[in-house]
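First the structure, in the form of structure tokens, and then the observations on it.
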Amino acid sequence: MNSNSKALYFSENIPKWIFGFIATFTVAILLGIFVFLLISGLGTFKEIGIKEFLFGTDWNPNAFDTPAWGIFSLVVGTAMISLLALFIVVPFGLSIAIYLSEIASPKTQEILKPLVEMIASIPSVVLGFLGLLFLAPLIAKIFHLSNGLNALTASILVAIAALPTIASICEDALSSVSQRFREASLALGATQWATIKKIVIPAAKSGLIAGIMLGLGRVIGETMIVLMVAGNSRAFPHSLLDAVRPMTANIAIEIKEVVVGSFHWQSLFMIGFILFVITFFINFLADILIHKKSL
Amino acid sequence: MNKIIITTRKLNIWYNGLQALKNVDIELPENQITAFIGASGSGKSTLLRSLNRMLDIIPNAKVEGEILFMGENILSQDTDVVALRRKIGMVFQNPTPFPKSIFDNIAYGLEIQGIKKKYEGLWQIFNNKKNNFVEFEKSQHPIDIAVVKSLKEAALWEEVKDRLRQSAFRLSGGQQQRLCIARTLAVKPEILLLDEPCSELDPISTKKIEELLMLLRENYTIVIVTHNLHQAKRISDHVGFFHLGELIEFGKTKDIFENPCQKITRDYVTGNFG
Amino acid sequence: MKTKENLRETAYFSIFRVSAFIGIGILFLTLILLFVSGYSVIDFNFLTKNWQHRDITQGGILPAILGSFYLGFGVIAVSFPLGIGTAIFLTEYSKNNLLKRIIKLAIRNLSGVPSIVYGLFGLVIFVNLLSFGTSLLSAILTLSFMTIPWIITASVESFESVPQKFRESSLALGATHWQTTRKIVLPAAITGSITGGIIGIARALGETAPLIMVGATFYLSNLPSSPLDKFMALPYHTFILATQHSSPYANTYAAATALVLITLTFLLSSGAIFLRFHYRRKKDW
């Protein structure tokens, strides 16, 4: 019984070492993203105070004599589009989720749920393009503008992009509420809608909030749509019909023109780092909510 | 007096710092059915799982002492655990066929020893039509022989002989459990450990398995953990009674049930607690 | 009173139902609008000829199609082994401690980080630090690392759903840990992994932002002959045609390119959905 120990040791440990190596390498690089962004962006604060960077409303890195480095306009651009998009997509996505989970027949559900998920496979450049071609002129016509490249147009399209995320996760949250609760409520003589409103939705609360948060993460990170239809103005936006430049678009626009390692370069990386932290954090909170439920 | 096949000496086991087994010295006779009885948490399952080193897969289990099998201490570092588990097989409480066909379930134990199936992969799909059990019985391929033999030994052959390629999940609970026994027998163990094998089965399936074990005793040593005192009385030759991690009493079934030495044993076997 | 409540319920339910159909409607509207805008230029030439940027009506998008395919295969080749290998280590070999939980959590959340951040990462590491330059290789690596967290998460979920009792029974028969992983766990869990992988690839192929930063180009005369060459890709091609090209036909060609792109991503996603559906039906536990 002891003779094959050596062969056994190797046959057991070689796979372990190989997978261990793969895992360590992969995880190290993934975690390294955080590190590399930080390092590349840190130089920003050597020249600019944190307050001026975060709250200055003038972003003009290429200005002739006095470049300005305040990203607040960019942050407001992101916030505007994100909040408006959420405002549009949350009721929309929740409605779809409720329909799929509580009202639709199983057969309908089987067909419709994948179709809703398919919206997620529309590349955002395609949504942006269609927005450019059709939605922007439409908005321009309705509001009598010279063009429709503004926060409103962008928000509508970003909402569409986030729709599958919210609908899917909220539907999962509602479906996983135990059937027993619905049965008990109906047996007491409540209508289906009362059951949904007073029993199912509160029971699924943490999953629903998680879905909304993941939707938020999705809209904050959207780049292509805003690049194409949000207007790209660095000025501080005053209304939804103003052209805006969210943080993501700003990085995409300017990164091609900067000198590697220059101060401008570093500041763009710092914006990227801030985006990373915000979206990671939102995902993190949503994750806790989802996993708290399944305990 | 039967020959002793397994001996434990001063066996102590801890889970997460809590002691589950205290100083157990036990001698298990060959070709007999020994039952471990006792209340929940008495340590009987823990002892069972230590005998085939299945405690190794539990990260916080600590084992001290000696377990002697075939003259060697199987707790030592150089024991070939994989070979050990072929000699000491185990059937679990919850019937666990693999998500494979009935045939492949039994073939698995041989495959992992390097014996190749006659038709692998795609070939197997082409040969699936041959459900003819007569052909199987006549076949000289080592895996076919082993499958037929162990299914017959487990008294399952007649019930599954014409559907060997079907998914094992289509069998009833009792049949699945007998399949697990057949699967274990196919690797030709000397000892069969069973951890409450009938507790999830109906009375008829239970009876079938009990009859099976009594037949198997001729060629194998059987150790069974059971909550069912009637079962222990029906089928076992020896009984070990456990309480709070200690082996309270060990002896012939008749003696333990009719004339126990310890008061606590008497209380348990007469149903006063547990 | 009962009628009033019923009326309210009917009203709400109608809203919900309409929402669902509007949602689906958006899907079809997208396809229809694209089709109407671009179908006129799609023909065999369009799909197989090289790109002519002086007169775009003379050329085709073959380089972009090929570029996307190279990208896709490259991302599969890098992200599948790294992603699935990491998942196997996390579920079958590593100890269940706090570090493991933190790593799983971190990886899950990395899949929500915007693609442009991955683009920045790719820029600093692959393009500059490792000097691969803006090339197919940089793009493949960047998109791979964007896809890997998603693959790891889907695979871990799939592996963890294989009941522990299968592993126990296998070990009890005298199988080694690796044999158990390879012959019992892997076959049972691989479909879930692959489904997640396909969805990840579909996402990667539709991404433009990272390509802006690490790789794709619009002005190319030859097909890439090595991974260090510049290349074209469908999403980037669409983007440039839509926003920066001066030809009066640019929009039509952009729509046509977008149509090809969306066909690709839809095929992949449908494949994944079908696989998942078929697999759920077959699962025995």
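Every chain in the structure tokens has a letter given in the order shown (A, B, ...), and although residue numbers restart at 1 in each chain, ligands are simply numbered from 1 in the order shown.
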
Using only C-alpha atoms, find each residue in chain C having at least one atom no more than 6 Å away from chain A; report its shortest atom-to-atom pair and that distance in Å (one decimal), rows by chain then rising number, as a Markdown table.
```
| residue | atom | partner | partner_atom | distance |
| --- | --- | --- | --- | --- |
| C:Glu9 | CA | A:Trp193 | CA | 5.6 |
| C:Phe16 | CA | A:Ser95 | CA | 4.7 |
| C:Arg17 | CA | A:Tyr99 | CA | 5.9 |
| C:Ser19 | CA | A:Ile96 | CA | 5.7 |
| C:Ala20 | CA | A:Ile96 | CA | 4.8 |
| C:Leu27 | CA | A:Ile119 | CA | 5.9 |
| C:Gly85 | CA | A:Phe19 | CA | 5.7 |
| C:Thr86 | CA | A:Ala23 | CA | 4.1 |
| C:Phe89 | CA | A:Phe19 | CA | 5.4 |
| C:Asn109 | CA | A:Asn283 | CA | 5.5 |
| C:Val113 | CA | A:Thr279 | CA | 5.7 |
| C:Pro114 | CA | A:Gly221 | CA | 4.6 |
| C:Val117 | CA | A:Gly272 | CA | 5.7 |
| C:Gly206 | CA | A:Pro123 | CA | 4.8 |
| C:Thr265 | CA | A:Ser121 | CA | 6.0 |
```

Residues within 9 Å of B:Leu213, only C-alpha atoms, excluding chain neighbours under 6 positions, as a VMD selection string: chain B and resid 33 154 222 235

For the interface of chain B with chain C (cut-off 10 Å, counting only C-alpha atoms), please tabulate each contacting residue of chain B alongside its nearest pair of atoms and their separation in Å to one decimal, rows sorted by chain and increasing number, as a tab-separated table.
```
residue	atom	partner	partner_atom	distance
B:Arg49	CA	C:Ala172	CA	9.8
B:Asn52	CA	C:Ala172	CA	7.7
B:Arg53	CA	C:Ala172	CA	8.9
B:Met54	CA	C:Ala172	CA	7.1
B:Ile57	CA	C:Glu168	CA	8.5
B:Pro59	CA	C:Lys95	CA	8.1
B:Asp80	CA	C:Gly174	CA	10.0
B:Val81	CA	C:Gly174	CA	7.7
B:Val82	CA	C:Gly174	CA	4.6
B:Ala83	CA	C:Gly174	CA	6.1
B:Leu84	CA	C:Gly174	CA	7.3
B:Arg85	CA	C:Gly174	CA	4.7
B:Arg86	CA	C:Gly174	CA	5.0
B:Lys87	CA	C:Gly174	CA	8.5
B:Ile88	CA	C:Ala172	CA	8.4
B:Gly89	CA	C:Ala172	CA	6.3
B:Met90	CA	C:Ala172	CA	5.9
B:Val91	CA	C:Ser169	CA	7.7
B:Phe92	CA	C:Ser169	CA	7.8
B:Asn94	CA	C:Lys165	CA	8.3
B:Pro95	CA	C:Lys165	CA	9.2
B:Thr96	CA	C:Phe166	CA	6.6
B:Pro97	CA	C:Phe166	CA	7.7
B:Phe98	CA	C:Phe166	CA	6.4
B:Pro99	CA	C:Asp284	CA	6.6
B:Lys100	CA	C:Ile184	CA	9.4
B:Tyr108	CA	C:Ser170	CA	8.6
B:Gly109	CA	C:Leu173	CA	6.0
B:Leu110	CA	C:Leu173	CA	9.3
B:Glu111	CA	C:Ala175	CA	9.4
B:Ile112	CA	C:Ala175	CA	6.0
B:Gln113	CA	C:Ala175	CA	8.0
B:Ser167	CA	C:Asp284	CA	8.9
B:Ala168	CA	C:Asp284	CA	9.5
B:Phe169	CA	C:Asp284	CA	6.9
B:Arg170	CA	C:Asp284	CA	9.4
B:Cys180	CA	C:Ser169	CA	8.8
B:Arg183	CA	C:Leu173	CA	8.2
B:Thr184	CA	C:Leu173	CA	6.4
B:Leu185	CA	C:Leu173	CA	9.5
B:Ala186	CA	C:Leu173	CA	9.4
B:Val187	CA	C:Leu173	CA	7.4
B:Pro189	CA	C:Leu173	CA	9.4
```

Residues of stretch 85-203 of chain A in alpha helix (DSSP H), written as a PyMOL selection string: chain A and resi 85-98+106-118+124-130+136-143+151-175+179-187+192-195+201-203

Pick from B:Cys261, B:Ile74, B:Ala35, B:Leu21, whichever lies nearest to chain A using only C-alpha atoms: B:Ile74

Surrounding residues of A:Asn150 excluding itself and chain neighbours under 3 positions, 9 Å, only C-alpha atoms, as a PyMOL selection string: chain A and resi 136+147+153-155+226+229-232+240-244

Counting only C-alpha atoms, the residue of B:Asn60, B:Thr34, B:Thr79, B:Gln176 that sits nearest B:Ile106: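 Looking only at the distances to B:Ile106, the closest residue turns out to be B:Gln176.
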
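In this comparison, which uses only C-alpha atoms, the residue of C:Leu130, C:Ile152, C:Val260, C:Leu141 approaching C:Leu105 most closely is C:Ile152.
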
Straight-line distance linking atom CA of B:Glu211 with atom CA of B:Asp162, stated in Å to one decimal: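 Value for the atom CA of B:Glu211-atom CA of B:Asp162 distance: 23.7 Å.
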